[in-house]
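K.L.:
So here's protein_23.tsv (TSV, N, CA and C atoms).
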chain	number	residue	atom	x	y	z
A	1	MET	N	-14.30	-64.41	-34.37
A	1	MET	CA	-14.73	-63.23	-33.71
A	1	MET	C	-14.30	-63.25	-32.24
A	2	ARG	N	-14.31	-64.43	-31.67
A	2	ARG	CA	-13.90	-64.53	-30.28
A	2	ARG	C	-12.43	-64.18	-30.13
A	3	ALA	N	-11.62	-64.50	-31.08
A	3	ALA	CA	-10.20	-64.22	-30.98
A	3	ALA	C	-9.96	-62.71	-30.98
A	4	GLY	N	-10.72	-61.97	-31.77
A	4	GLY	CA	-10.58	-60.52	-31.82
A	4	GLY	C	-10.99	-59.89	-30.50
A	5	ALA	N	-12.10	-60.41	-29.92
A	5	ALA	CA	-12.57	-59.86	-28.65
A	5	ALA	C	-11.58	-60.19	-27.54
A	6	LEU	N	-11.06	-61.40	-27.58
A	6	LEU	CA	-10.09	-61.80	-26.56
A	6	LEU	C	-8.81	-60.95	-26.69
A	7	PHE	N	-8.37	-60.72	-27.91
A	7	PHE	CA	-7.19	-59.90	-28.13
A	7	PHE	C	-7.42	-58.47	-27.63
A	8	GLY	N	-8.60	-57.93	-27.88
A	8	GLY	CA	-8.93	-56.58	-27.42
A	8	GLY	C	-8.93	-56.49	-25.90
A	9	ALA	N	-9.49	-57.49	-25.23
A	9	ALA	CA	-9.53	-57.50	-23.77
A	9	ALA	C	-8.13	-57.59	-23.19
A	10	VAL	N	-7.30	-58.45	-23.80
A	10	VAL	CA	-5.91	-58.59	-23.33
A	10	VAL	C	-5.17	-57.27	-23.52
A	11	ALA	N	-5.40	-56.58	-24.62
A	11	ALA	CA	-4.74	-55.32	-24.89
A	11	ALA	C	-5.13	-54.26	-23.86
A	12	ILE	N	-6.39	-54.23	-23.50
A	12	ILE	CA	-6.86	-53.24	-22.51
A	12	ILE	C	-6.26	-53.53	-21.14
A	13	VAL	N	-6.26	-54.79	-20.73
A	13	VAL	CA	-5.70	-55.17	-19.43
A	13	VAL	C	-4.20	-54.87	-19.40
A	14	THR	N	-3.51	-55.19	-20.49
A	14	THR	CA	-2.07	-54.95	-20.55
A	14	THR	C	-1.79	-53.44	-20.47
A	15	ALA	N	-2.57	-52.64	-21.17
A	15	ALA	CA	-2.38	-51.17	-21.13
A	15	ALA	C	-2.63	-50.65	-19.71
A	16	GLY	N	-3.63	-51.18	-19.05
A	16	GLY	CA	-3.93	-50.74	-17.68
A	16	GLY	C	-2.80	-51.10	-16.73
A	17	LEU	N	-2.28	-52.32	-16.83
A	17	LEU	CA	-1.18	-52.74	-15.97
A	17	LEU	C	0.07	-51.90	-16.25
A	18	PHE	N	0.31	-51.62	-17.52
A	18	PHE	CA	1.47	-50.80	-17.89
A	18	PHE	C	1.34	-49.39	-17.32
A	19	ALA	N	0.11	-48.86	-17.32
A	19	ALA	CA	-0.11	-47.51	-16.80
A	19	ALA	C	0.18	-47.44	-15.31
A	20	PHE	N	-0.18	-48.49	-14.55
A	20	PHE	CA	0.10	-48.49	-13.11
A	20	PHE	C	1.57	-48.76	-12.83
A	21	ALA	N	2.20	-49.57	-13.65
A	21	ALA	CA	3.60	-49.91	-13.43
A	21	ALA	C	4.51	-48.74	-13.82
A	22	CYS	N	4.15	-48.01	-14.87
A	22	CYS	CA	4.95	-46.88	-15.34
A	22	CYS	C	4.07	-45.64	-15.43
A	23	PRO	N	3.87	-44.90	-14.33
A	23	PRO	CA	3.00	-43.73	-14.39
A	23	PRO	C	3.58	-42.68	-15.33
A	24	PRO	N	2.74	-41.88	-15.94
A	24	PRO	CA	3.22	-40.85	-16.85
A	24	PRO	C	4.09	-39.83	-16.10
A	25	ALA	N	4.98	-39.18	-16.84
A	25	ALA	CA	5.91	-38.22	-16.25
A	25	ALA	C	5.19	-37.02	-15.64
A	26	CYS	N	4.01	-36.68	-16.15
A	26	CYS	CA	3.31	-35.52	-15.63
A	26	CYS	C	2.78	-35.75	-14.22
A	27	LEU	N	2.60	-36.99	-13.83
A	27	LEU	CA	2.12	-37.27	-12.48
A	27	LEU	C	3.27	-37.43	-11.49
A	28	ALA	N	4.45	-37.75	-11.99
A	28	ALA	CA	5.58	-37.96	-11.10
A	28	ALA	C	6.16	-36.61	-10.69
A	29	GLN	N	6.52	-36.49	-9.41
A	29	GLN	CA	7.14	-35.27	-8.92
A	29	GLN	C	8.59	-35.56	-8.63
A	30	THR	N	9.44	-34.97	-9.42
A	30	THR	CA	10.86	-35.19	-9.21
A	30	THR	C	11.45	-34.17	-8.26
A	31	ASP	N	10.89	-32.95	-8.22
A	31	ASP	CA	11.39	-31.89	-7.35
A	31	ASP	C	10.50	-31.79	-6.12
A	32	PRO	N	11.08	-31.54	-4.96
A	32	PRO	CA	10.24	-31.36	-3.77
A	32	PRO	C	9.45	-30.05	-3.87
A	33	GLU	N	8.34	-30.00	-3.16
A	33	GLU	CA	7.52	-28.79	-3.13
A	33	GLU	C	8.31	-27.67	-2.48
A	34	PRO	N	8.14	-26.41	-2.94
A	34	PRO	CA	8.85	-25.30	-2.30
A	34	PRO	C	8.30	-25.07	-0.89
A	35	SER	N	9.18	-24.66	0.01
A	35	SER	CA	8.76	-24.37	1.37
A	35	SER	C	8.86	-22.87	1.61
A	36	VAL	N	8.42	-22.44	2.77
A	36	VAL	CA	8.46	-21.02	3.12
A	36	VAL	C	9.90	-20.52	3.12
A	37	ASN	N	10.83	-21.35	3.53
A	37	ASN	CA	12.23	-20.94	3.60
A	37	ASN	C	12.82	-20.61	2.23
A	38	ASP	N	12.22	-21.17	1.17
A	38	ASP	CA	12.71	-20.88	-0.18
A	38	ASP	C	12.46	-19.41	-0.55
A	39	TYR	N	11.48	-18.76	0.10
A	39	TYR	CA	11.12	-17.39	-0.24
A	39	TYR	C	11.72	-16.37	0.71
A	40	LEU	N	12.32	-16.81	1.79
A	40	LEU	CA	12.91	-15.89	2.76
A	40	LEU	C	14.35	-15.58	2.37
A	41	PRO	N	14.83	-14.39	2.74
A	41	PRO	CA	16.23	-14.08	2.45
A	41	PRO	C	17.14	-14.99	3.28
A	42	PRO	N	18.34	-15.24	2.81
A	42	PRO	CA	19.24	-16.12	3.57
A	42	PRO	C	19.55	-15.50	4.93
A	43	ALA	N	19.62	-16.35	5.92
A	43	ALA	CA	19.87	-15.88	7.28
A	43	ALA	C	21.32	-15.41	7.41
A	44	GLU	N	21.47	-14.28	8.11
A	44	GLU	CA	22.82	-13.77	8.34
A	44	GLU	C	23.38	-14.46	9.58
A	45	PRO	N	24.67	-14.67	9.60
A	45	PRO	CA	25.25	-15.28	10.80
A	45	PRO	C	25.11	-14.32	11.98
A	46	GLU	N	24.97	-14.87	13.16
A	46	GLU	CA	24.82	-14.03	14.35
A	46	GLU	C	26.12	-13.28	14.61
A	47	PRO	N	25.98	-11.99	14.99
A	47	PRO	CA	27.20	-11.21	15.25
A	47	PRO	C	27.86	-11.68	16.55
A	48	SER	N	29.13	-11.44	16.63
A	48	SER	CA	29.85	-11.78	17.86
A	48	SER	C	29.44	-10.80	18.95
A	49	ARG	N	29.79	-11.12	20.18
A	49	ARG	CA	29.45	-10.26	21.31
A	49	ARG	C	30.06	-8.87	21.14
A	50	GLU	N	31.29	-8.81	20.65
A	50	GLU	CA	31.96	-7.53	20.45
A	50	GLU	C	31.28	-6.72	19.33
A	51	ASP	N	30.89	-7.40	18.23
A	51	ASP	CA	30.18	-6.71	17.14
A	51	ASP	C	28.86	-6.14	17.65
A	52	TRP	N	28.16	-6.92	18.47
A	52	TRP	CA	26.89	-6.48	19.00
A	52	TRP	C	27.06	-5.24	19.89
A	53	ARG	N	28.06	-5.26	20.74
A	53	ARG	CA	28.34	-4.10	21.60
A	53	ARG	C	28.70	-2.87	20.75
A	54	GLN	N	29.45	-3.08	19.68
A	54	GLN	CA	29.83	-1.97	18.80
A	54	GLN	C	28.59	-1.37	18.14
A	55	ARG	N	27.68	-2.22	17.71
A	55	ARG	CA	26.44	-1.73	17.10
A	55	ARG	C	25.65	-0.88	18.09
A	56	ILE	N	25.59	-1.33	19.34
A	56	ILE	CA	24.86	-0.58	20.36
A	56	ILE	C	25.51	0.77	20.61
A	57	GLU	N	26.83	0.80	20.70
A	57	GLU	CA	27.55	2.06	20.91
A	57	GLU	C	27.34	3.01	19.73
A	58	ASP	N	27.36	2.49	18.52
A	58	ASP	CA	27.13	3.32	17.33
A	58	ASP	C	25.71	3.91	17.36
A	59	ALA	N	24.74	3.11	17.75
A	59	ALA	CA	23.35	3.58	17.80
A	59	ALA	C	23.21	4.67	18.87
A	60	LYS	N	23.84	4.49	20.01
A	60	LYS	CA	23.80	5.51	21.06
A	60	LYS	C	24.42	6.81	20.58
A	61	ARG	N	25.55	6.71	19.88
A	61	ARG	CA	26.23	7.90	19.38
A	61	ARG	C	25.34	8.65	18.37
A	62	ARG	N	24.70	7.90	17.46
A	62	ARG	CA	23.81	8.54	16.48
A	62	ARG	C	22.62	9.20	17.17
A	63	ALA	N	22.08	8.56	18.21
A	63	ALA	CA	20.95	9.14	18.94
A	63	ALA	C	21.35	10.44	19.62
A	64	LYS	N	22.55	10.48	20.19
A	64	LYS	CA	23.03	11.70	20.83
A	64	LYS	C	23.22	12.81	19.80
A	65	GLU	N	23.72	12.47	18.62
A	65	GLU	CA	23.91	13.47	17.56
A	65	GLU	C	22.58	14.06	17.12
A	66	VAL	N	21.59	13.22	16.96
A	66	VAL	CA	20.27	13.70	16.54
A	66	VAL	C	19.68	14.58	17.64
A	67	SER	N	19.83	14.17	18.89
A	67	SER	CA	19.31	14.95	20.01
A	67	SER	C	19.97	16.33	20.06
A	68	ARG	N	21.27	16.37	19.87
A	68	ARG	CA	21.98	17.65	19.87
A	68	ARG	C	21.52	18.52	18.70
A	69	GLU	N	21.35	17.93	17.53
A	69	GLU	CA	20.90	18.67	16.35
A	69	GLU	C	19.52	19.28	16.60
A	70	ARG	N	18.64	18.52	17.23
A	70	ARG	CA	17.29	19.04	17.51
A	70	ARG	C	17.33	20.19	18.53
A	71	ARG	N	18.21	20.08	19.51
A	71	ARG	CA	18.34	21.15	20.50
A	71	ARG	C	18.91	22.42	19.87
A	72	GLU	N	19.90	22.27	18.99
A	72	GLU	CA	20.56	23.42	18.38
A	72	GLU	C	19.72	24.09	17.29
A	73	ASN	N	18.86	23.32	16.62
A	73	ASN	CA	18.05	23.85	15.53
A	73	ASN	C	16.58	23.45	15.69
A	74	PRO	N	15.92	23.92	16.71
A	74	PRO	CA	14.53	23.50	16.93
A	74	PRO	C	13.58	23.96	15.83
A	75	GLU	N	13.92	25.06	15.15
A	75	GLU	CA	13.03	25.57	14.09
A	75	GLU	C	12.90	24.58	12.93
A	76	LEU	N	13.88	23.72	12.74
A	76	LEU	CA	13.83	22.73	11.66
A	76	LEU	C	12.86	21.59	11.98
A	77	TYR	N	12.50	21.44	13.25
A	77	TYR	CA	11.70	20.28	13.66
A	77	TYR	C	10.30	20.65	14.14
A	78	ARG	N	9.93	21.91	14.02
A	78	ARG	CA	8.57	22.31	14.40
A	78	ARG	C	7.61	21.87	13.32
A	79	PRO	N	6.44	21.36	13.72
A	79	PRO	CA	5.46	20.97	12.70
A	79	PRO	C	4.91	22.22	12.00
A	80	ILE	N	4.65	22.09	10.74
A	80	ILE	CA	4.09	23.20	9.96
A	80	ILE	C	2.58	23.20	10.20
A	81	PRO	N	2.06	24.30	10.74
A	81	PRO	CA	0.62	24.32	11.01
A	81	PRO	C	-0.17	24.31	9.70
A	82	GLU	N	-1.20	23.48	9.67
A	82	GLU	CA	-2.03	23.38	8.48
A	82	GLU	C	-3.19	24.38	8.59
A	83	ASP	N	-3.47	25.05	7.50
A	83	ASP	CA	-4.58	25.99	7.46
A	83	ASP	C	-5.88	25.19	7.50
A	84	PRO	N	-6.65	25.27	8.58
A	84	PRO	CA	-7.86	24.44	8.69
A	84	PRO	C	-8.91	24.77	7.62
A	85	GLU	N	-8.99	26.03	7.21
A	85	GLU	CA	-9.96	26.39	6.17
A	85	GLU	C	-9.59	25.76	4.83
A	86	ARG	N	-8.32	25.80	4.52
A	86	ARG	CA	-7.87	25.22	3.25
A	86	ARG	C	-8.07	23.70	3.26
A	87	ALA	N	-7.74	23.06	4.37
A	87	ALA	CA	-7.91	21.61	4.46
A	87	ALA	C	-9.38	21.22	4.32
A	88	ALA	N	-10.27	21.99	4.96
A	88	ALA	CA	-11.70	21.70	4.85
A	88	ALA	C	-12.19	21.90	3.42
A	89	SER	N	-11.71	22.96	2.75
A	89	SER	CA	-12.11	23.21	1.36
A	89	SER	C	-11.67	22.07	0.45
A	90	GLU	N	-10.43	21.62	0.60
A	90	GLU	CA	-9.93	20.53	-0.23
A	90	GLU	C	-10.71	19.24	0.03
A	91	ARG	N	-11.02	19.00	1.28
A	91	ARG	CA	-11.76	17.78	1.63
A	91	ARG	C	-13.14	17.79	0.98
A	92	VAL	N	-13.82	18.95	1.01
A	92	VAL	CA	-15.15	19.06	0.41
A	92	VAL	C	-15.08	18.92	-1.10
A	93	LEU	N	-14.12	19.59	-1.72
A	93	LEU	CA	-14.04	19.56	-3.18
A	93	LEU	C	-13.63	18.19	-3.71
A	94	ASN	N	-12.96	17.39	-2.91
A	94	ASN	CA	-12.53	16.06	-3.34
A	94	ASN	C	-13.46	14.96	-2.84
A	95	ASP	N	-14.58	15.32	-2.26
A	95	ASP	CA	-15.53	14.35	-1.71
A	95	ASP	C	-16.18	13.57	-2.86
A	96	GLU	N	-15.99	12.25	-2.86
A	96	GLU	CA	-16.54	11.41	-3.93
A	96	GLU	C	-18.05	11.23	-3.83
A	97	SER	N	-18.63	11.57	-2.68
A	97	SER	CA	-20.07	11.35	-2.51
A	97	SER	C	-20.91	12.54	-2.98
A	98	LEU	N	-20.28	13.61	-3.48
A	98	LEU	CA	-21.04	14.77	-3.95
A	98	LEU	C	-21.96	14.38	-5.09
A	99	GLN	N	-23.18	14.91	-5.02
A	99	GLN	CA	-24.16	14.68	-6.08
A	99	GLN	C	-24.65	16.03	-6.59
A	100	ARG	N	-25.15	16.03	-7.81
A	100	ARG	CA	-25.64	17.26	-8.43
A	100	ARG	C	-26.67	17.92	-7.51
A	101	GLY	N	-26.46	19.21	-7.24
A	101	GLY	CA	-27.37	19.97	-6.39
A	101	GLY	C	-26.89	20.11	-4.96
A	102	ASP	N	-25.84	19.37	-4.57
A	102	ASP	CA	-25.31	19.51	-3.21
A	102	ASP	C	-24.70	20.89	-3.03
A	103	ILE	N	-24.84	21.41	-1.83
A	103	ILE	CA	-24.29	22.73	-1.51
A	103	ILE	C	-23.10	22.53	-0.59
A	104	VAL	N	-21.99	23.20	-0.94
A	104	VAL	CA	-20.77	23.08	-0.15
A	104	VAL	C	-20.30	24.46	0.27
A	105	ALA	N	-19.73	24.52	1.47
A	105	ALA	CA	-19.16	25.77	1.97
A	105	ALA	C	-17.65	25.62	1.98
A	106	THR	N	-16.96	26.56	1.34
A	106	THR	CA	-15.51	26.51	1.26
A	106	THR	C	-14.94	27.83	1.76
A	107	LYS	N	-13.64	27.92	1.73
A	107	LYS	CA	-12.92	29.12	2.12
A	107	LYS	C	-13.32	30.31	1.24
A	108	LYS	N	-13.68	30.02	-0.01
A	108	LYS	CA	-14.02	31.08	-0.97
A	108	LYS	C	-15.51	31.40	-1.03
A	109	GLY	N	-16.32	30.70	-0.27
A	109	GLY	CA	-17.75	30.98	-0.26
A	109	GLY	C	-18.58	29.72	-0.34
A	110	ILE	N	-19.88	29.91	-0.65
A	110	ILE	CA	-20.82	28.79	-0.73
A	110	ILE	C	-21.09	28.52	-2.21
A	111	PHE	N	-21.07	27.22	-2.55
A	111	PHE	CA	-21.23	26.79	-3.94
A	111	PHE	C	-22.24	25.66	-4.04
A	112	VAL	N	-22.85	25.55	-5.21
A	112	VAL	CA	-23.72	24.41	-5.50
A	112	VAL	C	-23.00	23.55	-6.53
A	113	TYR	N	-23.00	22.25	-6.29
A	113	TYR	CA	-22.30	21.32	-7.19
A	113	TYR	C	-23.21	20.99	-8.36
A	114	GLN	N	-22.72	21.23	-9.58
A	114	GLN	CA	-23.49	20.97	-10.80
A	114	GLN	C	-22.87	19.89	-11.66
A	115	GLY	N	-21.83	19.24	-11.19
A	115	GLY	CA	-21.14	18.23	-11.99
A	115	GLY	C	-21.86	16.89	-11.96
A	116	ARG	N	-21.25	15.93	-12.63
A	116	ARG	CA	-21.80	14.58	-12.67
A	116	ARG	C	-20.83	13.64	-11.97
A	117	SER	N	-21.37	12.66	-11.27
A	117	SER	CA	-20.53	11.75	-10.49
A	117	SER	C	-19.73	10.80	-11.38
A	118	ASP	N	-20.16	10.61	-12.63
A	118	ASP	CA	-19.46	9.68	-13.52
A	118	ASP	C	-18.37	10.36	-14.34
A	119	GLN	N	-18.12	11.65	-14.10
A	119	GLN	CA	-17.09	12.39	-14.83
A	119	GLN	C	-16.11	13.02	-13.85
A	120	PRO	N	-14.89	13.29	-14.30
A	120	PRO	CA	-13.92	13.95	-13.42
A	120	PRO	C	-14.42	15.33	-12.97
A	121	ARG	N	-14.09	15.69	-11.75
A	121	ARG	CA	-14.53	16.96	-11.17
A	121	ARG	C	-13.70	18.11	-11.74
A	122	ARG	N	-14.36	19.23	-12.04
A	122	ARG	CA	-13.70	20.43	-12.56
A	122	ARG	C	-14.12	21.62	-11.72
A	123	ASP	N	-13.37	22.70	-11.79
A	123	ASP	CA	-13.73	23.92	-11.05
A	123	ASP	C	-15.07	24.48	-11.53
A	124	GLN	N	-15.38	24.31	-12.82
A	124	GLN	CA	-16.62	24.84	-13.37
A	124	GLN	C	-17.86	24.10	-12.85
A	125	ASP	N	-17.66	22.96	-12.19
A	125	ASP	CA	-18.79	22.19	-11.65
A	125	ASP	C	-19.37	22.85	-10.39
A	126	PHE	N	-18.66	23.81	-9.82
A	126	PHE	CA	-19.11	24.47	-8.60
A	126	PHE	C	-19.53	25.90	-8.93
A	127	LEU	N	-20.84	26.18	-8.82
A	127	LEU	CA	-21.36	27.51	-9.13
A	127	LEU	C	-21.57	28.27	-7.82
A	128	PRO	N	-21.09	29.52	-7.74
A	128	PRO	CA	-21.24	30.27	-6.50
A	128	PRO	C	-22.69	30.64	-6.25
A	129	ILE	N	-23.04	30.64	-4.98
A	129	ILE	CA	-24.36	31.09	-4.56
A	129	ILE	C	-24.17	32.47	-3.95
A	130	ALA	N	-24.81	33.47	-4.55
A	130	ALA	CA	-24.66	34.84	-4.05
A	130	ALA	C	-25.52	35.00	-2.79
A	131	PRO	N	-24.96	35.57	-1.74
A	131	PRO	CA	-25.74	35.78	-0.53
A	131	PRO	C	-26.81	36.86	-0.78
A	132	LYS	N	-27.95	36.69	-0.11
A	132	LYS	CA	-29.03	37.68	-0.25
A	132	LYS	C	-28.65	38.92	0.56
A	133	PRO	N	-28.96	40.09	0.05
A	133	PRO	CA	-28.67	41.33	0.79
A	133	PRO	C	-29.53	41.40	2.06
A	134	VAL	N	-28.93	41.86	3.13
A	134	VAL	CA	-29.63	41.99	4.40
A	134	VAL	C	-30.30	43.34	4.45
A	135	ARG	N	-31.60	43.41	4.87
A	135	ARG	CA	-32.34	44.67	4.95
A	135	ARG	C	-32.41	45.18	6.35
Please re-express this file's structure in structure tokens.
P.N.:
Amino acid sequence: MRAGALFGAVAIVTAGLFAFACPPACLAQTDPEPSVNDYLPPAEPEPSREDWRQRIEDAKRRAKEVSRERRENPELYRPIPEDPERAASERVLNDESLQRGDIVATKKGIFVYQGRSDQPRRDQDFLPIAPKPVR
């Protein structure tokens, strides 16, 4: 019985020494860890002094062309005025915080919201409130 126990102990010690001497392949790292440079685009060589000056001249020429175009056709560059009533109506109708019974004022009149917050909003969710006749 002692021989079996001794053999078992020797086998365990030998396996342990073998594990330290020859680590498994899953623990060994053969490839270096990726660095930040691996994810960046390759660097372009620096332009010569003449190339740099040419780029600056080209940019100046394009800027002058755009400036001339804006002076000759100012109507193309005027901002389009937004209808404030329409913008306010859209903002109210798309408000995610609306709850059943809320009253909203839009370009088309005053409405009470009858929809549910857990369902998509529809035009039928807004019921008009008729103004009371003035005496």
K.L.:
Using all atoms listed in the file, which residues sit within 6 Å of segment 100-102 of chain A once same-chain residues fewer than 6 positions away are excluded, as a PyMOL selection string?
P.N.:
chain A and resi 111-115
K.L.:
Which one is closest to Glu85 of chain A: A:Gln119, A:Lys108, A:Arg68, A:Arg53? Count all atoms listed in the file.
P.N.:
A:Lys108
K.L.:
Between atom C of Ala130 of chain A and atom N of Asp83 of chain A, what distance in Å does the model show, to one decimal?
P.N.:
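Computing it gives 26.3 Å between the two atoms.
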K.L.:
Name all residues at most 7 Å from segment 86-92 of chain A (count only C-alpha atoms; drop same-chain ones fewer than 4 positions away) and give them as an MDAnalysis selection string.
P.N.:
chainID A and resid 104 106:107
K.L.:
Determine which residues of segment 18-121 of chain A receive a DSSP assignment of helix (DSSP H, G or I), computed from the backbone, and state them as a PyMOL selection string.
P.N.:
chain A and resi 18-21+36-38+49-72+74-77+84-93
K.L.:
Between atom C of Ile129 of chain A and atom C of Ile103 of chain A, what is the spacing in Å?
P.N.:
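Separation of atom C of Ile103 of chain A and atom C of Ile129 of chain A: 10.5 Å.
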K.L.:
Between atom CA of Ser117 of chain A and atom CA of Glu96 of chain A, what is the spacing in Å?
P.N.:
7.7 Å
K.L.:
Let me make sure I understand: among A:Pro128, A:Arg121, A:Glu44, A:Val36, which one has the smallest atom-to-atom distance to Gly109 of chain A if we use only C-alpha atoms?
P.N.:
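Smallest separation from Gly109 of chain A among the options: A:Pro128.
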K.L.:
Measuring atom to atom with only N, CA and C atoms, identify which of A:Ala105, A:Arg78, A:Thr30, A:Glu46 is nearest to Leu93 of chain A.
P.N.:
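For Leu93 of chain A, the nearest of the given residues is A:Ala105.
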K.L.:
Could you model all heavy atoms for segment 61-69 of chain A and present them as a compact mmCIF listing (two decimals), in the coordinates of the input?
P.N.:
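And here's selection-v2.txt as it stands now:
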# COMPACT_ATOMS: atom_id res chain seq x y z
N ARG A 61 25.55 6.71 19.88
CA ARG A 61 26.23 7.90 19.38
C ARG A 61 25.34 8.65 18.37
O ARG A 61 25.21 9.87 18.44
CB ARG A 61 27.55 7.50 18.71
CG ARG A 61 28.37 8.67 18.19
CD ARG A 61 29.65 8.23 17.52
NE ARG A 61 29.56 7.06 16.66
CZ ARG A 61 29.01 7.04 15.44
NH1 ARG A 61 28.50 8.14 14.93
NH2 ARG A 61 28.98 5.93 14.73
N ARG A 62 24.70 7.90 17.46
CA ARG A 62 23.81 8.54 16.48
C ARG A 62 22.62 9.20 17.17
O ARG A 62 22.21 10.30 16.79
CB ARG A 62 23.32 7.51 15.46
CG ARG A 62 24.38 7.10 14.46
CD ARG A 62 23.79 6.28 13.31
NE ARG A 62 23.02 5.13 13.75
CZ ARG A 62 23.53 3.90 13.94
NH1 ARG A 62 24.82 3.69 13.73
NH2 ARG A 62 22.76 2.92 14.33
N ALA A 63 22.08 8.56 18.21
CA ALA A 63 20.95 9.14 18.94
C ALA A 63 21.35 10.44 19.62
O ALA A 63 20.59 11.41 19.63
CB ALA A 63 20.41 8.14 19.96
N LYS A 64 22.55 10.48 20.19
CA LYS A 64 23.03 11.70 20.83
C LYS A 64 23.22 12.81 19.80
O LYS A 64 22.91 13.98 20.06
CB LYS A 64 24.33 11.44 21.58
CG LYS A 64 24.13 10.67 22.87
CD LYS A 64 25.44 10.42 23.58
CE LYS A 64 25.22 9.61 24.84
NZ LYS A 64 26.47 9.31 25.55
N GLU A 65 23.72 12.47 18.62
CA GLU A 65 23.91 13.47 17.56
C GLU A 65 22.58 14.06 17.12
O GLU A 65 22.46 15.28 16.94
CB GLU A 65 24.63 12.85 16.36
CG GLU A 65 26.09 12.53 16.61
CD GLU A 65 26.73 11.76 15.46
OE1 GLU A 65 26.05 11.53 14.42
OE2 GLU A 65 27.89 11.36 15.61
N VAL A 66 21.59 13.22 16.96
CA VAL A 66 20.27 13.70 16.54
C VAL A 66 19.68 14.58 17.64
O VAL A 66 19.10 15.64 17.35
CB VAL A 66 19.34 12.51 16.22
CG1 VAL A 66 17.90 12.96 16.05
CG2 VAL A 66 19.82 11.79 14.97
N SER A 67 19.83 14.17 18.89
CA SER A 67 19.31 14.95 20.01
C SER A 67 19.97 16.33 20.06
O SER A 67 19.29 17.35 20.25
CB SER A 67 19.55 14.19 21.31
OG SER A 67 19.11 14.93 22.40
N ARG A 68 21.27 16.37 19.87
CA ARG A 68 21.98 17.65 19.87
C ARG A 68 21.52 18.52 18.70
O ARG A 68 21.28 19.72 18.86
CB ARG A 68 23.49 17.41 19.80
CG ARG A 68 24.29 18.71 19.96
CD ARG A 68 25.78 18.52 19.87
NE ARG A 68 26.15 18.12 18.53
CZ ARG A 68 26.72 16.95 18.20
NH1 ARG A 68 27.01 16.08 19.12
NH2 ARG A 68 27.00 16.67 16.94
N GLU A 69 21.35 17.93 17.53
CA GLU A 69 20.90 18.67 16.35
C GLU A 69 19.52 19.28 16.60
O GLU A 69 19.26 20.43 16.24
CB GLU A 69 20.86 17.73 15.14
CG GLU A 69 20.28 18.34 13.89
CD GLU A 69 21.17 19.41 13.27
OE1 GLU A 69 22.39 19.40 13.50
OE2 GLU A 69 20.63 20.26 12.54
